[in-house]
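Enquirer: Before we start, here is the structure in question, set down as structure tokens.
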Amino acid sequence: MEKFQAAMVLGGVGDALGYRKGKWESCTSGVQIQEELAALGGMGSLTVDEDNWPLSDGTLMHMTTAEALITDYWSLEDLYREMVRLYVEAMVSIQGRQPDPATVEGCSQLKPDNYLLAWHTPFNERGSGFGAATKAMCVGMRYWQPERLDTLVEVSIEIGRMTHNHPTGFLGSLCAALFASYAVQGRPVVRWGRDMMKVLPTAEEYCRKTIRHMAEYQEKWFYFETKWQFYLEEREIERDGQDKPAFPERHDAEEMDKIYKRWSSEGRGGRRGHDAPMIAYDALLAAGSDWTELCKRAMFHGGESGATGSIAGCLYGLRYGLEQVPAGLYRGLEKRERLEFLGAELFKAASAEK
């Protein structure tokens with residue numbers, strides 16, 4: 001249970017650090033961010049509080065997803081109706097936190113009063129953003145057992161499509177949920193990327209059964225797969241047995257920004273559903289249990305650092321807990337008590353027989 005609580009809290013910490021009230025999340029230079037961090041006294045001097053280091057919309061939407069997952073729903077359709085209701089309500093709380101435009105647009109198309117079509121939204125060419133991924137880790141925590149993979153696939157895709165009905169967006173949701181489930185299972189991190197690629201055919205089969213006009217999704221689907229295949233080949237971990245990732249010798253802020261831009265679709269690392277979990281995963285792969293190194297790679301880079309920080313922080317919490325994280329980073333975190341509560345309830349719900 002402690003690691004579930006740590007995951008929810010550290011997801012918030014990673015978000016708050018990378019977001020920095022919008023200042024760092026909108027900054028495209030990791031060099032500048034790390035210089036400003038040094039001027040603040042470095043990681044060891046930071047004290048996170050609600051006024052100076054608030055949560056972004058990403059963590060609030062992740063909490064909203066978790067709130068629905070811990071309800072006593074009778075069927076997945078009932079879960080989706082509850083998710084829709086809570087997502088629409090959440091639009092009030094995320095105002096003023098520079099919300100992801102696709103999240104706002106997607107929620108405006110949800111229909112909480114329509115029993116049959118509540119969560120059905122049209123394909124959205126602009127729905128490829130990171131927001132579906134950053135609210136999905138708790139899905140992997142709720143359905144972490146290998147025998148519940150089909151449920152994880154369905155729920156992560158459906159909650160992704162509610163706000164980001166575009167394969168790059170909702171496959172990011174699937175990816176974040178899968179990585180969280182792998183963390184709980186204790187799978188070696190080096191395997192997560194290729195294991196995720198093996199699940200994509202199952203996800204495609206699910207979508208073929210449930211999406212009426214699959215053709216318009218096909219090209220975007222290929223983009224997500226190709227980007228991840230290139231990444232795994234670059235790290236030399238695309239095949240079973242390849243368990244020693246290849247990292248460049250130089251990994252300062254300037255070099256990281258270049259690499260992350262190359263992985264992105266628009267020159268801004270972490271902006272989309274494929275590269276937000278990719279950067280978080282890469283940071284965890286490189287850092288291991290070293291929290292400071294994780295932050296340098298996932299929270300303090302040029303690009304969508306709040307998104308990558310929230311995913312990386314959550315996955316780190318599931319793997320390693322709070323032990324190596326300075327208490328000043330989470331004691332005063334906004335909504336910490338609620339995050340801990342949600343982590344505990346997710347653990348109980350995942351453990352209960354259904």
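FYI, nothing fancy with the structure tokens labels: chains A, B, ... in order, residues from 1 per chain, ligands from 1 as they appear.
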Hey, what's within 12 Å of Glu293 (chain A) if we count only C-alpha atoms and toss same-chain stuff fewer than 6 positions away? As a ChimeraX atom specification, please?
Expert: /A:43,251-253,280,282-287,299-301,312-313,316,324-325
Enquirer: Going by DSSP on the backbone, which residues of region 41-251 of chain A come out as alpha helix (DSSP H)? List them as an MDAnalysis selection string.
Expert: chainID A and resid 57:69 76:93 101:108 131:134 137:142 149:163 167:185 189:210 215:234
Enquirer: Tell me which protein, DNA and RNA residues are within 9 Å of Val84 (chain A), counting only C-alpha atoms, leaving out same-chain ones fewer than 6 positions away, and put them as an mmCIF file with all heavy atoms, in the first residue's frame.
Expert:
```
data_model
loop_
_atom_site.group_PDB
_atom_site.id
_atom_site.type_symbol
_atom_site.label_atom_id
_atom_site.label_comp_id
_atom_site.auth_asym_id
_atom_site.auth_seq_id
_atom_site.Cartn_x
_atom_site.Cartn_y
_atom_site.Cartn_z
ATOM 1 N N CYS A 107 -13.451 17.238 -23.019
ATOM 2 C CA CYS A 107 -14.469 17.244 -21.958
ATOM 3 C C CYS A 107 -15.719 18.013 -22.367
ATOM 4 O O CYS A 107 -16.826 17.695 -21.918
ATOM 5 C CB CYS A 107 -13.887 17.813 -20.662
ATOM 6 S SG CYS A 107 -12.756 16.679 -19.831
ATOM 7 N N LEU A 110 -18.136 15.575 -23.957
ATOM 8 C CA LEU A 110 -18.713 14.483 -23.168
ATOM 9 C C LEU A 110 -20.161 14.809 -22.808
ATOM 10 O O LEU A 110 -20.528 15.974 -22.663
ATOM 11 C CB LEU A 110 -17.885 14.258 -21.895
ATOM 12 C CG LEU A 110 -16.446 13.781 -22.123
ATOM 13 C CD1 LEU A 110 -15.677 13.775 -20.808
ATOM 14 C CD2 LEU A 110 -16.418 12.392 -22.761
ATOM 15 N N LYS A 111 -20.969 13.764 -22.644
ATOM 16 C CA LYS A 111 -22.410 13.972 -22.455
ATOM 17 C C LYS A 111 -22.884 13.221 -21.201
ATOM 18 O O LYS A 111 -23.447 12.120 -21.306
ATOM 19 C CB LYS A 111 -23.162 13.484 -23.707
ATOM 20 C CG LYS A 111 -22.750 14.221 -24.976
ATOM 21 C CD LYS A 111 -23.329 13.620 -26.235
ATOM 22 C CE LYS A 111 -22.560 12.409 -26.732
ATOM 23 N NZ LYS A 111 -21.218 12.704 -27.239
ATOM 24 N N PRO A 112 -22.667 13.790 -20.022
ATOM 25 C CA PRO A 112 -23.026 13.082 -18.791
ATOM 26 C C PRO A 112 -24.517 12.780 -18.660
ATOM 27 O O PRO A 112 -24.892 11.873 -17.922
ATOM 28 C CB PRO A 112 -22.543 14.031 -17.679
ATOM 29 C CG PRO A 112 -22.378 15.363 -18.329
ATOM 30 C CD PRO A 112 -22.033 15.100 -19.750
ATOM 31 N N ALA A 118 -22.702 8.707 -23.405
ATOM 32 C CA ALA A 118 -22.016 9.644 -22.511
ATOM 33 C C ALA A 118 -20.548 9.842 -22.854
ATOM 34 O O ALA A 118 -20.035 10.959 -22.853
ATOM 35 C CB ALA A 118 -22.148 9.163 -21.056
ATOM 36 N N TRP A 119 -19.839 8.754 -23.167
ATOM 37 C CA TRP A 119 -18.388 8.849 -23.327
ATOM 38 C C TRP A 119 -17.929 8.745 -24.794
ATOM 39 O O TRP A 119 -16.752 8.591 -25.074
ATOM 40 C CB TRP A 119 -17.692 7.770 -22.493
ATOM 41 C CG TRP A 119 -17.952 6.352 -22.887
ATOM 42 C CD1 TRP A 119 -17.208 5.571 -23.723
ATOM 43 C CD2 TRP A 119 -19.024 5.530 -22.439
ATOM 44 N NE1 TRP A 119 -17.757 4.318 -23.840
ATOM 45 C CE2 TRP A 119 -18.867 4.257 -23.052
ATOM 46 C CE3 TRP A 119 -20.109 5.723 -21.577
ATOM 47 C CZ2 TRP A 119 -19.766 3.203 -22.827
ATOM 48 C CZ3 TRP A 119 -20.994 4.668 -21.355
ATOM 49 C CH2 TRP A 119 -20.817 3.432 -21.980
ATOM 50 N N ILE A 159 -10.751 5.694 -21.462
ATOM 51 C CA ILE A 159 -10.603 6.966 -20.736
ATOM 52 C C ILE A 159 -9.670 7.905 -21.503
ATOM 53 O O ILE A 159 -9.796 9.120 -21.417
ATOM 54 C CB ILE A 159 -10.112 6.766 -19.289
ATOM 55 C CG1 ILE A 159 -8.677 6.246 -19.236
ATOM 56 C CG2 ILE A 159 -11.057 5.886 -18.511
ATOM 57 C CD1 ILE A 159 -7.753 7.122 -18.455
ATOM 58 N N MET A 162 -11.886 9.530 -24.264
ATOM 59 C CA MET A 162 -12.845 10.522 -23.767
ATOM 60 C C MET A 162 -12.339 11.945 -23.992
ATOM 61 O O MET A 162 -13.111 12.853 -24.306
ATOM 62 C CB MET A 162 -13.101 10.300 -22.278
ATOM 63 C CG MET A 162 -13.989 9.120 -21.970
ATOM 64 S SD MET A 162 -14.189 8.916 -20.177
ATOM 65 C CE MET A 162 -14.889 7.269 -20.102
#
```
Enquirer: Give me, as a Markdown table, the closest atom pair and its distance (Å, one decimal) for every residue of region 223-282 of chain A within a cut-off of 12 Å of region 122-144 of chain A, counting only C-alpha atoms, rows sorted by chain and rising number.
Expert:
```
| residue | atom | partner | partner_atom | distance |
| --- | --- | --- | --- | --- |
| A:Tyr223 | CA | A:Ser128 | CA | 11.0 |
| A:Phe224 | CA | A:Ser128 | CA | 10.0 |
| A:Ser264 | CA | A:Gly129 | CA | 11.1 |
| A:Ser265 | CA | A:Ser128 | CA | 10.1 |
| A:Glu266 | CA | A:Gly129 | CA | 11.1 |
| A:Arg268 | CA | A:Gly129 | CA | 11.5 |
| A:Gly269 | CA | A:Phe130 | CA | 10.4 |
| A:Gly270 | CA | A:Phe130 | CA | 6.9 |
| A:Arg271 | CA | A:Phe130 | CA | 5.6 |
| A:Arg272 | CA | A:Gly129 | CA | 4.1 |
| A:Gly273 | CA | A:Phe130 | CA | 4.4 |
| A:His274 | CA | A:Phe130 | CA | 7.7 |
| A:Asp275 | CA | A:Phe130 | CA | 8.0 |
| A:Ala276 | CA | A:Phe130 | CA | 6.0 |
| A:Pro277 | CA | A:Ala133 | CA | 7.0 |
| A:Met278 | CA | A:Ala133 | CA | 10.6 |
| A:Ile279 | CA | A:Phe130 | CA | 11.5 |
| A:Ala280 | CA | A:Thr134 | CA | 10.6 |
```
Enquirer: Which residues are near Leu37 (chain A)? Cut-off 12 Å, only C-alpha atoms, ignore same chain within fewer than 5 positions. Put them as a PyMOL selection string.
Expert: chain A and resi 17-18+20+23-24+30-32+42-46+295-296+299-301
Enquirer: So the first atom is CA of Arg297 (chain A) and the second is CA of Met256 (chain A); what is the distance between them in Å, to one decimal place?
Expert: 7.4 Å
Enquirer: Using only C-alpha atoms, which of A:Gly160, A:Gly302, A:Gly11, A:Gly96 sits nearest Leu315 (chain A)?
Expert: A:Gly11
Enquirer: Neighbours of Leu174 (chain A) within 6 Å (only C-alpha atoms; same-chain residues fewer than 2 positions away dropped), as a ChimeraX atom specification?
Expert: /A:156-157,171-172,176-177
Enquirer: For a quick check of understanding, using only C-alpha atoms, which of A:Gly186, A:Lys227, A:Arg97, A:Arg85 has the smallest distance to Asp15 (chain A)?
Expert: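 For Asp15 (chain A), the nearest of the given residues is A:Arg97.
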Enquirer: In terms of the shortest atom-to-atom distance over only C-alpha atoms, which of A:Gly41, A:Gly193, A:Gly106, A:Gly58 is closest to Val13 (chain A)?
Expert: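 Smallest separation from Val13 (chain A) among the options: A:Gly58.
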Enquirer: Report the distance between CA of Glu147 (chain A) and CA of Tyr182 (chain A) in Å, rounded to one decimal place.
Expert: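 Calculated distance between CA of Glu147 (chain A) and CA of Tyr182 (chain A) is 12.5 Å.
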Enquirer: List every residue of region 186-205 of chain A that has an atom at most 10 Å from any atom of region 230-247 of chain A, and for each one report the closest atom pair and its distance in Å to one decimal, counting only C-alpha atoms, with rows sorted by chain and then by increasing residue number, as a tab-separated table.
Expert:
```
residue	atom	partner	partner_atom	distance
A:Pro188	CA	A:Asp243	CA	9.0
A:Val189	CA	A:Asp243	CA	9.4
A:Val190	CA	A:Asp243	CA	6.0
A:Arg191	CA	A:Asp243	CA	7.5
A:Trp192	CA	A:Ile237	CA	9.9
A:Gly193	CA	A:Leu232	CA	7.1
A:Arg194	CA	A:Glu238	CA	5.9
A:Asp195	CA	A:Asp240	CA	9.2
A:Met197	CA	A:Glu238	CA	9.3
```
Enquirer: Write the residues you've just listed into a file as a PDB file, in the first residue's frame, and include N, CA, C and O atoms for each of them.
Expert:
```pdb
ATOM      1  N   PRO A 188      11.516  -6.077 -14.736  1.00  0.00           N
ATOM      2  CA  PRO A 188      12.686  -5.222 -14.978  1.00  0.00           C
ATOM      3  C   PRO A 188      12.316  -4.062 -15.908  1.00  0.00           C
ATOM      4  O   PRO A 188      11.653  -4.280 -16.938  1.00  0.00           O
ATOM      5  N   VAL A 189      12.729  -2.854 -15.555  1.00  0.00           N
ATOM      6  CA  VAL A 189      12.356  -1.659 -16.319  1.00  0.00           C
ATOM      7  C   VAL A 189      12.782  -1.782 -17.782  1.00  0.00           C
ATOM      8  O   VAL A 189      12.073  -1.329 -18.687  1.00  0.00           O
ATOM      9  N   VAL A 190      13.926  -2.420 -18.017  1.00  0.00           N
ATOM     10  CA  VAL A 190      14.458  -2.508 -19.377  1.00  0.00           C
ATOM     11  C   VAL A 190      13.501  -3.245 -20.313  1.00  0.00           C
ATOM     12  O   VAL A 190      13.532  -3.053 -21.532  1.00  0.00           O
ATOM     13  N   ARG A 191      12.595  -4.049 -19.757  1.00  0.00           N
ATOM     14  CA  ARG A 191      11.657  -4.815 -20.591  1.00  0.00           C
ATOM     15  C   ARG A 191      10.367  -4.058 -20.902  1.00  0.00           C
ATOM     16  O   ARG A 191       9.622  -4.459 -21.802  1.00  0.00           O
ATOM     17  N   TRP A 192      10.081  -3.005 -20.170  1.00  0.00           N
ATOM     18  CA  TRP A 192       8.761  -2.375 -20.270  1.00  0.00           C
ATOM     19  C   TRP A 192       8.421  -1.935 -21.689  1.00  0.00           C
ATOM     20  O   TRP A 192       7.291  -2.132 -22.158  1.00  0.00           O
ATOM     21  N   GLY A 193       9.363  -1.303 -22.361  1.00  0.00           N
ATOM     22  CA  GLY A 193       9.081  -0.760 -23.693  1.00  0.00           C
ATOM     23  C   GLY A 193       8.723  -1.844 -24.687  1.00  0.00           C
ATOM     24  O   GLY A 193       7.711  -1.747 -25.400  1.00  0.00           O
ATOM     25  N   ARG A 194       9.516  -2.897 -24.734  1.00  0.00           N
ATOM     26  CA  ARG A 194       9.214  -3.957 -25.705  1.00  0.00           C
ATOM     27  C   ARG A 194       7.994  -4.771 -25.290  1.00  0.00           C
ATOM     28  O   ARG A 194       7.255  -5.263 -26.146  1.00  0.00           O
ATOM     29  N   ASP A 195       7.763  -4.908 -23.980  1.00  0.00           N
ATOM     30  CA  ASP A 195       6.537  -5.577 -23.536  1.00  0.00           C
ATOM     31  C   ASP A 195       5.302  -4.777 -23.939  1.00  0.00           C
ATOM     32  O   ASP A 195       4.265  -5.352 -24.305  1.00  0.00           O
ATOM     33  N   MET A 197       5.084  -2.901 -26.591  1.00  0.00           N
ATOM     34  CA  MET A 197       4.912  -3.087 -28.036  1.00  0.00           C
ATOM     35  C   MET A 197       4.177  -4.400 -28.338  1.00  0.00           C
ATOM     36  O   MET A 197       3.416  -4.493 -29.313  1.00  0.00           O
TER      37      MET A 197
END
```
Enquirer: So what do you get for CA of Glu89 (chain A) versus CA of Gly332 (chain A), distance-wise?
Expert: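 Taking CA of Glu89 (chain A) and CA of Gly332 (chain A), their separation equals 25.6 Å.
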Enquirer: Leaving out Leu149 (chain A) and any residue of its chain fewer than 6 positions from it, which residues lie within 10 Å of it when counting only C-alpha atoms, given as a list of chain:residue names?
Expert: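 What passes the distance filter is A:Gly140, A:Tyr143, A:Val155, A:Leu178, A:Ser181, A:Val199, A:Thr202.
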